$ cat work03.pdb   # PDB, N, CA and C atoms
ATOM      1  N   MET T   1     117.453 -77.531 -43.526
ATOM      2  CA  MET T   1     117.908 -76.474 -42.669
ATOM      3  C   MET T   1     118.872 -75.607 -43.467
ATOM      4  N   GLU T   2     118.736 -74.310 -43.334
ATOM      5  CA  GLU T   2     119.596 -73.368 -44.050
ATOM      6  C   GLU T   2     120.596 -72.753 -43.080
ATOM      7  N   HIS T   3     121.866 -72.750 -43.500
ATOM      8  CA  HIS T   3     122.925 -72.093 -42.741
ATOM      9  C   HIS T   3     123.434 -70.954 -43.602
ATOM     10  N   GLY T   4     123.249 -69.749 -43.153
ATOM     11  CA  GLY T   4     123.711 -68.609 -43.938
ATOM     12  C   GLY T   4     123.749 -67.369 -43.084
ATOM     13  N   SER T   5     124.020 -66.266 -43.744
ATOM     14  CA  SER T   5     124.120 -64.981 -43.068
ATOM     15  C   SER T   5     122.815 -64.227 -43.208
ATOM     16  N   TYR T   6     122.442 -63.496 -42.177
ATOM     17  CA  TYR T   6     121.248 -62.656 -42.262
ATOM     18  C   TYR T   6     121.514 -61.399 -43.090
ATOM     19  N   THR T   7     122.781 -61.021 -43.209
ATOM     20  CA  THR T   7     123.107 -59.803 -43.946
ATOM     21  C   THR T   7     123.346 -60.059 -45.427
ATOM     22  N   ASP T   8     123.817 -61.245 -45.799
ATOM     23  CA  ASP T   8     124.083 -61.573 -47.202
ATOM     24  C   ASP T   8     123.305 -62.830 -47.567
ATOM     25  N   LEU T   9     122.141 -62.640 -48.148
ATOM     26  CA  LEU T   9     121.264 -63.769 -48.492
ATOM     27  C   LEU T   9     121.692 -64.490 -49.761
ATOM     28  N   SER T  10     122.730 -63.996 -50.424
ATOM     29  CA  SER T  10     123.160 -64.608 -51.685
ATOM     30  C   SER T  10     124.061 -65.824 -51.484
ATOM     31  N   LYS T  11     124.435 -66.116 -50.260
ATOM     32  CA  LYS T  11     125.304 -67.264 -49.964
ATOM     33  C   LYS T  11     124.707 -68.060 -48.818
ATOM     34  N   SER T  12     124.432 -69.337 -49.085
ATOM     35  CA  SER T  12     123.878 -70.195 -48.028
ATOM     36  C   SER T  12     124.286 -71.637 -48.258
ATOM     37  N   THR T  13     124.286 -72.391 -47.180
ATOM     38  CA  THR T  13     124.471 -73.840 -47.230
ATOM     39  C   THR T  13     123.193 -74.466 -46.702
ATOM     40  N   PHE T  14     122.669 -75.411 -47.465
ATOM     41  CA  PHE T  14     121.422 -76.075 -47.117
ATOM     42  C   PHE T  14     121.727 -77.520 -46.740
ATOM     43  N   SER T  15     121.256 -77.934 -45.586
ATOM     44  CA  SER T  15     121.438 -79.299 -45.120
ATOM     45  C   SER T  15     120.146 -80.063 -45.377
ATOM     46  N   LEU T  16     120.209 -81.034 -46.280
ATOM     47  CA  LEU T  16     119.028 -81.785 -46.703
ATOM     48  C   LEU T  16     119.094 -83.196 -46.134
ATOM     49  N   MET T  17     118.082 -83.559 -45.377
ATOM     50  CA  MET T  17     118.041 -84.880 -44.754
ATOM     51  C   MET T  17     117.461 -85.917 -45.724
ATOM     52  N   ASP T  18     117.819 -87.162 -45.528
ATOM     53  CA  ASP T  18     117.338 -88.305 -46.308
ATOM     54  C   ASP T  18     117.604 -88.151 -47.798
ATOM     55  N   GLU T  19     118.746 -87.591 -48.146
ATOM     56  CA  GLU T  19     119.146 -87.456 -49.547
ATOM     57  C   GLU T  19     120.556 -88.007 -49.714
ATOM     58  N   ASP T  20     120.914 -88.262 -50.984
ATOM     59  CA  ASP T  20     122.228 -88.815 -51.274
ATOM     60  C   ASP T  20     122.776 -88.182 -52.550
ATOM     61  N   HIS T  21     123.798 -88.812 -53.145
ATOM     62  CA  HIS T  21     124.445 -88.280 -54.334
ATOM     63  C   HIS T  21     123.472 -88.110 -55.503
ATOM     64  N   THR T  22     122.480 -88.976 -55.605
ATOM     65  CA  THR T  22     121.560 -88.917 -56.740
ATOM     66  C   THR T  22     120.878 -87.562 -56.821
ATOM     67  N   PHE T  23     120.262 -87.155 -55.749
ATOM     68  CA  PHE T  23     119.574 -85.860 -55.739
ATOM     69  C   PHE T  23     120.566 -84.705 -55.744
ATOM     70  N   ALA T  24     121.595 -84.787 -54.914
ATOM     71  CA  ALA T  24     122.532 -83.668 -54.758
ATOM     72  C   ALA T  24     123.258 -83.356 -56.064
ATOM     73  N   ASN T  25     123.707 -84.366 -56.784
ATOM     74  CA  ASN T  25     124.419 -84.119 -58.029
ATOM     75  C   ASN T  25     123.476 -83.564 -59.092
ATOM     76  N   SER T  26     122.230 -84.017 -59.104
ATOM     77  CA  SER T  26     121.251 -83.499 -60.051
ATOM     78  C   SER T  26     120.952 -82.030 -59.777
ATOM     79  N   VAL T  27     120.789 -81.672 -58.512
ATOM     80  CA  VAL T  27     120.538 -80.277 -58.143
ATOM     81  C   VAL T  27     121.763 -79.425 -58.455
ATOM     82  N   ARG T  28     122.926 -79.943 -58.162
ATOM     83  CA  ARG T  28     124.169 -79.211 -58.457
ATOM     84  C   ARG T  28     124.268 -78.919 -59.950
ATOM     85  N   PHE T  29     124.028 -79.924 -60.783
ATOM     86  CA  PHE T  29     124.091 -79.737 -62.230
ATOM     87  C   PHE T  29     123.079 -78.688 -62.693
ATOM     88  N   THR T  30     121.846 -78.802 -62.200
ATOM     89  CA  THR T  30     120.792 -77.869 -62.597
ATOM     90  C   THR T  30     121.129 -76.444 -62.178
ATOM     91  N   LEU T  31     121.588 -76.281 -60.953
ATOM     92  CA  LEU T  31     121.908 -74.934 -60.471
ATOM     93  C   LEU T  31     123.096 -74.326 -61.205
ATOM     94  N   ASN T  32     124.067 -75.139 -61.568
ATOM     95  CA  ASN T  32     125.220 -74.601 -62.287
ATOM     96  C   ASN T  32     124.867 -74.154 -63.707
ATOM     97  N   GLN T  33     123.697 -74.520 -64.206
ATOM     98  CA  GLN T  33     123.221 -74.040 -65.506
ATOM     99  C   GLN T  33     122.562 -72.661 -65.385
ATOM    100  N   ASP T  34     122.212 -72.267 -64.179
ATOM    101  CA  ASP T  34     121.520 -71.007 -63.926
ATOM    102  C   ASP T  34     122.541 -69.859 -63.941
ATOM    103  N   PRO T  35     122.315 -68.829 -64.763
ATOM    104  CA  PRO T  35     123.278 -67.724 -64.821
ATOM    105  C   PRO T  35     123.368 -66.910 -63.522
ATOM    106  N   ARG T  36     122.403 -67.052 -62.633
ATOM    107  CA  ARG T  36     122.448 -66.336 -61.351
ATOM    108  C   ARG T  36     123.395 -66.993 -60.364
ATOM    109  N   VAL T  37     123.825 -68.222 -60.642
ATOM    110  CA  VAL T  37     124.654 -68.992 -59.706
ATOM    111  C   VAL T  37     126.129 -68.806 -60.036
ATOM    112  N   THR T  38     126.899 -68.392 -59.038
ATOM    113  CA  THR T  38     128.348 -68.272 -59.207
ATOM    114  C   THR T  38     129.070 -69.526 -58.705
ATOM    115  N   PHE T  39     128.471 -70.217 -57.762
ATOM    116  CA  PHE T  39     129.044 -71.464 -57.249
ATOM    117  C   PHE T  39     127.932 -72.342 -56.696
ATOM    118  N   CYS T  40     128.017 -73.620 -56.981
ATOM    119  CA  CYS T  40     127.146 -74.607 -56.353
ATOM    120  C   CYS T  40     127.919 -75.904 -56.234
ATOM    121  N   GLY T  41     127.923 -76.454 -55.050
ATOM    122  CA  GLY T  41     128.579 -77.721 -54.797
ATOM    123  C   GLY T  41     127.905 -78.409 -53.640
ATOM    124  N   TYR T  42     128.243 -79.665 -53.450
ATOM    125  CA  TYR T  42     127.641 -80.393 -52.333
ATOM    126  C   TYR T  42     128.671 -81.297 -51.683
ATOM    127  N   SER T  43     128.372 -81.659 -50.458
ATOM    128  CA  SER T  43     129.203 -82.621 -49.736
ATOM    129  C   SER T  43     128.306 -83.495 -48.879
ATOM    130  N   ILE T  44     128.815 -84.680 -48.614
ATOM    131  CA  ILE T  44     128.135 -85.598 -47.696
ATOM    132  C   ILE T  44     129.057 -85.730 -46.487
ATOM    133  N   PRO T  45     128.594 -85.233 -45.323
ATOM    134  CA  PRO T  45     129.472 -85.179 -44.153
ATOM    135  C   PRO T  45     130.059 -86.531 -43.742
ATOM    136  N   HIS T  46     129.246 -87.567 -43.812
ATOM    137  CA  HIS T  46     129.718 -88.902 -43.435
ATOM    138  C   HIS T  46     128.915 -89.936 -44.217
ATOM    139  N   PRO T  47     129.559 -90.989 -44.698
ATOM    140  CA  PRO T  47     128.841 -91.979 -45.516
ATOM    141  C   PRO T  47     127.665 -92.670 -44.818
ATOM    142  N   SER T  48     127.712 -92.731 -43.508
ATOM    143  CA  SER T  48     126.626 -93.414 -42.803
ATOM    144  C   SER T  48     125.431 -92.498 -42.539
ATOM    145  N   GLU T  49     125.564 -91.215 -42.837
ATOM    146  CA  GLU T  49     124.463 -90.271 -42.650
ATOM    147  C   GLU T  49     123.729 -90.060 -43.965
ATOM    148  N   ASN T  50     122.409 -90.007 -43.903
ATOM    149  CA  ASN T  50     121.617 -89.679 -45.079
ATOM    150  C   ASN T  50     121.373 -88.170 -45.107
ATOM    151  N   ARG T  51     122.461 -87.430 -45.220
ATOM    152  CA  ARG T  51     122.372 -85.975 -45.206
ATOM    153  C   ARG T  51     123.338 -85.418 -46.235
ATOM    154  N   VAL T  52     122.889 -84.372 -46.923
ATOM    155  CA  VAL T  52     123.698 -83.718 -47.942
ATOM    156  C   VAL T  52     123.737 -82.227 -47.628
ATOM    157  N   ASN T  53     124.905 -81.624 -47.743
ATOM    158  CA  ASN T  53     125.042 -80.182 -47.620
ATOM    159  C   ASN T  53     125.237 -79.599 -49.012
ATOM    160  N   VAL T  54     124.348 -78.698 -49.407
ATOM    161  CA  VAL T  54     124.425 -78.051 -50.716
ATOM    162  C   VAL T  54     124.765 -76.580 -50.488
ATOM    163  N   ARG T  55     125.863 -76.142 -51.077
ATOM    164  CA  ARG T  55     126.301 -74.750 -50.963
ATOM    165  C   ARG T  55     125.908 -74.018 -52.243
ATOM    166  N   VAL T  56     125.218 -72.879 -52.092
ATOM    167  CA  VAL T  56     124.777 -72.072 -53.225
ATOM    168  C   VAL T  56     125.242 -70.641 -53.018
ATOM    169  N   GLN T  57     125.940 -70.095 -54.021
ATOM    170  CA  GLN T  57     126.343 -68.695 -54.022
ATOM    171  C   GLN T  57     125.837 -68.086 -55.316
ATOM    172  N   THR T  58     125.190 -66.925 -55.206
ATOM    173  CA  THR T  58     124.569 -66.303 -56.366
ATOM    174  C   THR T  58     125.176 -64.937 -56.652
ATOM    175  N   THR T  59     124.727 -64.340 -57.744
ATOM    176  CA  THR T  59     125.188 -62.998 -58.123
ATOM    177  C   THR T  59     124.496 -61.913 -57.321
ATOM    178  N   GLY T  60     123.548 -62.277 -56.486
ATOM    179  CA  GLY T  60     122.850 -61.285 -55.671
ATOM    180  C   GLY T  60     121.464 -61.719 -55.254
ATOM    181  N   ASP T  61     120.840 -62.615 -56.021
ATOM    182  CA  ASP T  61     119.514 -63.115 -55.663
ATOM    183  C   ASP T  61     119.612 -63.984 -54.413
ATOM    184  N   PRO T  62     118.544 -64.058 -53.628
ATOM    185  CA  PRO T  62     118.573 -64.919 -52.434
ATOM    186  C   PRO T  62     118.833 -66.380 -52.817
ATOM    187  N   ALA T  63     119.776 -66.995 -52.140
ATOM    188  CA  ALA T  63     120.161 -68.372 -52.450
ATOM    189  C   ALA T  63     118.992 -69.333 -52.280
ATOM    190  N   CYS T  64     118.124 -69.092 -51.302
ATOM    191  CA  CYS T  64     116.996 -70.008 -51.082
ATOM    192  C   CYS T  64     116.025 -69.962 -52.256
ATOM    193  N   GLU T  65     115.829 -68.779 -52.858
ATOM    194  CA  GLU T  65     114.947 -68.677 -54.031
ATOM    195  C   GLU T  65     115.561 -69.372 -55.242
ATOM    196  N   VAL T  66     116.863 -69.224 -55.420
ATOM    197  CA  VAL T  66     117.547 -69.853 -56.543
ATOM    198  C   VAL T  66     117.518 -71.374 -56.385
ATOM    199  N   LEU T  67     117.711 -71.868 -55.165
ATOM    200  CA  LEU T  67     117.626 -73.308 -54.921
ATOM    201  C   LEU T  67     116.222 -73.814 -55.223
ATOM    202  N   LYS T  68     115.216 -73.082 -54.788
ATOM    203  CA  LYS T  68     113.832 -73.484 -55.049
ATOM    204  C   LYS T  68     113.559 -73.530 -56.556
ATOM    205  N   ASP T  69     114.012 -72.507 -57.275
ATOM    206  CA  ASP T  69     113.843 -72.487 -58.730
ATOM    207  C   ASP T  69     114.563 -73.661 -59.386
ATOM    208  N   GLY T  70     115.767 -73.963 -58.907
ATOM    209  CA  GLY T  70     116.528 -75.088 -59.454
ATOM    210  C   GLY T  70     115.824 -76.413 -59.230
ATOM    211  N   CYS T  71     115.224 -76.587 -58.056
ATOM    212  CA  CYS T  71     114.484 -77.826 -57.770
ATOM    213  C   CYS T  71     113.254 -77.936 -58.669
ATOM    214  N   GLN T  72     112.594 -76.812 -58.925
ATOM    215  CA  GLN T  72     111.440 -76.829 -59.824
ATOM    216  C   GLN T  72     111.873 -77.154 -61.251
ATOM    217  N   ASP T  73     113.000 -76.596 -61.696
ATOM    218  CA  ASP T  73     113.520 -76.913 -63.028
ATOM    219  C   ASP T  73     113.867 -78.397 -63.129
ATOM    220  N   LEU T  74     114.480 -78.943 -62.085
ATOM    221  CA  LEU T  74     114.834 -80.359 -62.068
ATOM    222  C   LEU T  74     113.586 -81.223 -62.132
ATOM    223  N   MET T  75     112.546 -80.829 -61.419
ATOM    224  CA  MET T  75     111.294 -81.578 -61.447
ATOM    225  C   MET T  75     110.698 -81.584 -62.861
ATOM    226  N   LEU T  76     110.736 -80.438 -63.535
ATOM    227  CA  LEU T  76     110.222 -80.370 -64.906
ATOM    228  C   LEU T  76     111.048 -81.233 -65.858
ATOM    229  N   MET T  77     112.361 -81.252 -65.669
ATOM    230  CA  MET T  77     113.213 -82.108 -66.504
ATOM    231  C   MET T  77     112.891 -83.577 -66.291
ATOM    232  N   CYS T  78     112.691 -83.962 -65.039
ATOM    233  CA  CYS T  78     112.358 -85.359 -64.730
ATOM    234  C   CYS T  78     111.006 -85.743 -65.324
ATOM    235  N   GLN T  79     110.039 -84.837 -65.263
ATOM    236  CA  GLN T  79     108.734 -85.112 -65.862
ATOM    237  C   GLN T  79     108.850 -85.271 -67.371
ATOM    238  N   HIS T  80     109.681 -84.443 -68.007
ATOM    239  CA  HIS T  80     109.878 -84.552 -69.453
ATOM    240  C   HIS T  80     110.509 -85.897 -69.823
ATOM    241  N   VAL T  81     111.535 -86.296 -69.073
ATOM    242  CA  VAL T  81     112.191 -87.578 -69.336
ATOM    243  C   VAL T  81     111.201 -88.724 -69.150
ATOM    244  N   ARG T  82     110.413 -88.666 -68.090
ATOM    245  CA  ARG T  82     109.436 -89.727 -67.835
ATOM    246  C   ARG T  82     108.389 -89.796 -68.942
ATOM    247  N   ASN T  83     107.858 -88.643 -69.360
ATOM    248  CA  ASN T  83     106.861 -88.629 -70.429
ATOM    249  C   ASN T  83     107.439 -89.139 -71.743
ATOM    250  N   THR T  84     108.669 -88.753 -72.053
ATOM    251  CA  THR T  84     109.321 -89.218 -73.276
ATOM    252  C   THR T  84     109.532 -90.724 -73.230
ATOM    253  N   PHE T  85     109.961 -91.237 -72.089
ATOM    254  CA  PHE T  85     110.173 -92.673 -71.934
ATOM    255  C   PHE T  85     108.858 -93.440 -72.074
ATOM    256  N   GLU T  86     107.813 -92.967 -71.385
ATOM    257  CA  GLU T  86     106.523 -93.658 -71.461
ATOM    258  C   GLU T  86     105.956 -93.645 -72.879
ATOM    259  N   LYS T  87     106.141 -92.551 -73.605
ATOM    260  CA  LYS T  87     105.680 -92.491 -74.991
ATOM    261  C   LYS T  87     106.449 -93.491 -75.850
ATOM    262  N   ALA T  88     107.756 -93.575 -75.648
ATOM    263  CA  ALA T  88     108.568 -94.518 -76.414
ATOM    264  C   ALA T  88     108.158 -95.960 -76.121
ATOM    265  N   VAL T  89     107.881 -96.272 -74.877
ATOM    266  CA  VAL T  89     107.440 -97.630 -74.518
ATOM    267  C   VAL T  89     106.094 -97.930 -75.164
ATOM    268  N   ASN T  90     105.161 -96.994 -75.092
ATOM    269  CA  ASN T  90     103.848 -97.203 -75.703
ATOM    270  C   ASN T  90     103.955 -97.350 -77.216
ATOM    271  N   ASP T  91     104.798 -96.528 -77.859
ATOM    272  CA  ASP T  91     105.000 -96.646 -79.301
ATOM    273  C   ASP T  91     105.591 -98.000 -79.656
ATOM    274  N   PHE T  92     106.534 -98.482 -78.850
ATOM    275  CA  PHE T  92     107.140 -99.789 -79.092
ATOM    276  C   PHE T  92     106.114-100.904 -78.949
ATOM    277  N   LYS T  93     105.304-100.836 -77.891
ATOM    278  CA  LYS T  93     104.278-101.860 -77.687
ATOM    279  C   LYS T  93     103.259-101.850 -78.815
ATOM    280  N   THR T  94     102.890-100.669 -79.273
ATOM    281  CA  THR T  94     101.928-100.550 -80.364
ATOM    282  C   THR T  94     102.508-101.130 -81.650
ATOM    283  N   SER T  95     103.774-100.862 -81.931
ATOM    284  CA  SER T  95     104.400-101.392 -83.141
ATOM    285  C   SER T  95     104.542-102.905 -83.071
ATOM    286  N   LYS T  96     104.768-103.455 -81.892
ATOM    287  CA  LYS T  96     104.872-104.916 -81.741
ATOM    288  C   LYS T  96     103.526-105.589 -81.986
ATOM    289  N   THR T  97     102.443-104.996 -81.477
ATOM    290  CA  THR T  97     101.129-105.614 -81.686
ATOM    291  C   THR T  97     100.726-105.516 -83.143
ATOM    292  N   GLU T  98     101.116-104.440 -83.838
ATOM    293  CA  GLU T  98     100.804-104.320 -85.259
ATOM    294  C   GLU T  98     101.620-105.317 -86.074
ATOM    295  N   ASP T  99     102.862-105.595 -85.672
ATOM    296  CA  ASP T  99     103.691-106.567 -86.375
ATOM    297  C   ASP T  99     103.090-107.967 -86.280
ATOM    298  N   HIS T 100     102.519-108.325 -85.122
ATOM    299  CA  HIS T 100     101.938-109.647 -84.934
ATOM    300  C   HIS T 100     100.624-109.791 -85.718
ATOM    301  N   MET T 101      99.964-108.703 -86.031
ATOM    302  CA  MET T 101      98.692-108.770 -86.730
ATOM    303  C   MET T 101      98.882-108.987 -88.237
ATOM    304  N   ASP T 102     100.076-108.812 -88.742
ATOM    305  CA  ASP T 102     100.357-108.960 -90.177
ATOM    306  C   ASP T 102     100.697-110.395 -90.541
ATOM    307  N   ILE T 103     100.056-111.371 -89.975
ATOM    308  CA  ILE T 103     100.380-112.783 -90.236
ATOM    309  C   ILE T 103      99.738-113.263 -91.501
TER     310      ILE T 103
END
$ encode --input "work03.pdb" --output "structure tokens"
Amino acid sequence: MEHGSYTDLSKSTFSLMDEDHTFANSVRFTLNQDPRVTFCGYSIPHPSENRVNVRVQTTGDPACEVLKDGCQDLMLMCQHVRNTFEKAVNDFKTSKTEDHMDI
């Protein structure tokens, strides 16, 4: 759910259900790398709620578009980390099987 002004689309607070610090801090970090973002922060209203409020303020671009772009960038980063990890595991397994064959 988005809470913002109809007249100024560059500032909005997004309430994300079923999320916690893991996602919110990752999105915050990613958005703060974007030069269009002047402020990004998050809060968790209550520890027993699985809800995160993410505040995004931009230099003029719509906050919802910047948030969407940030989530896509985060997804690409996660895919890169996963691919790098899987390659390293496969390389390690391959080197172990080659070591055992040199008996």
$ resolve_selection --input "work03.pdb" --expression "the PyMOL selection byres (((chain T and resi 50-67 and name CA) around 10) and name CA)" --output "PyMOL selection string"
chain T and resi 1-4+8-21+23-25+27-28+30-32+34-49+68-73
$ atom_distance --input "work03.pdb" --atom1 "atom N of Val89 of chain T" --atom2 "atom CA of Thr22 of chain T"
23.9 Å
$ select_by_dssp --input "work03.pdb" --residues "chain T" --states "alpha helix (DSSP H)" --output "PyMOL selection string"
chain T and resi 21-32+63-101
$ select_by_dssp --input "work03.pdb" --residues "chain T" --states "strand (DSSP E)" --output "number ranges by chain"
T: 2-4, 11-17, 37-43, 51-58
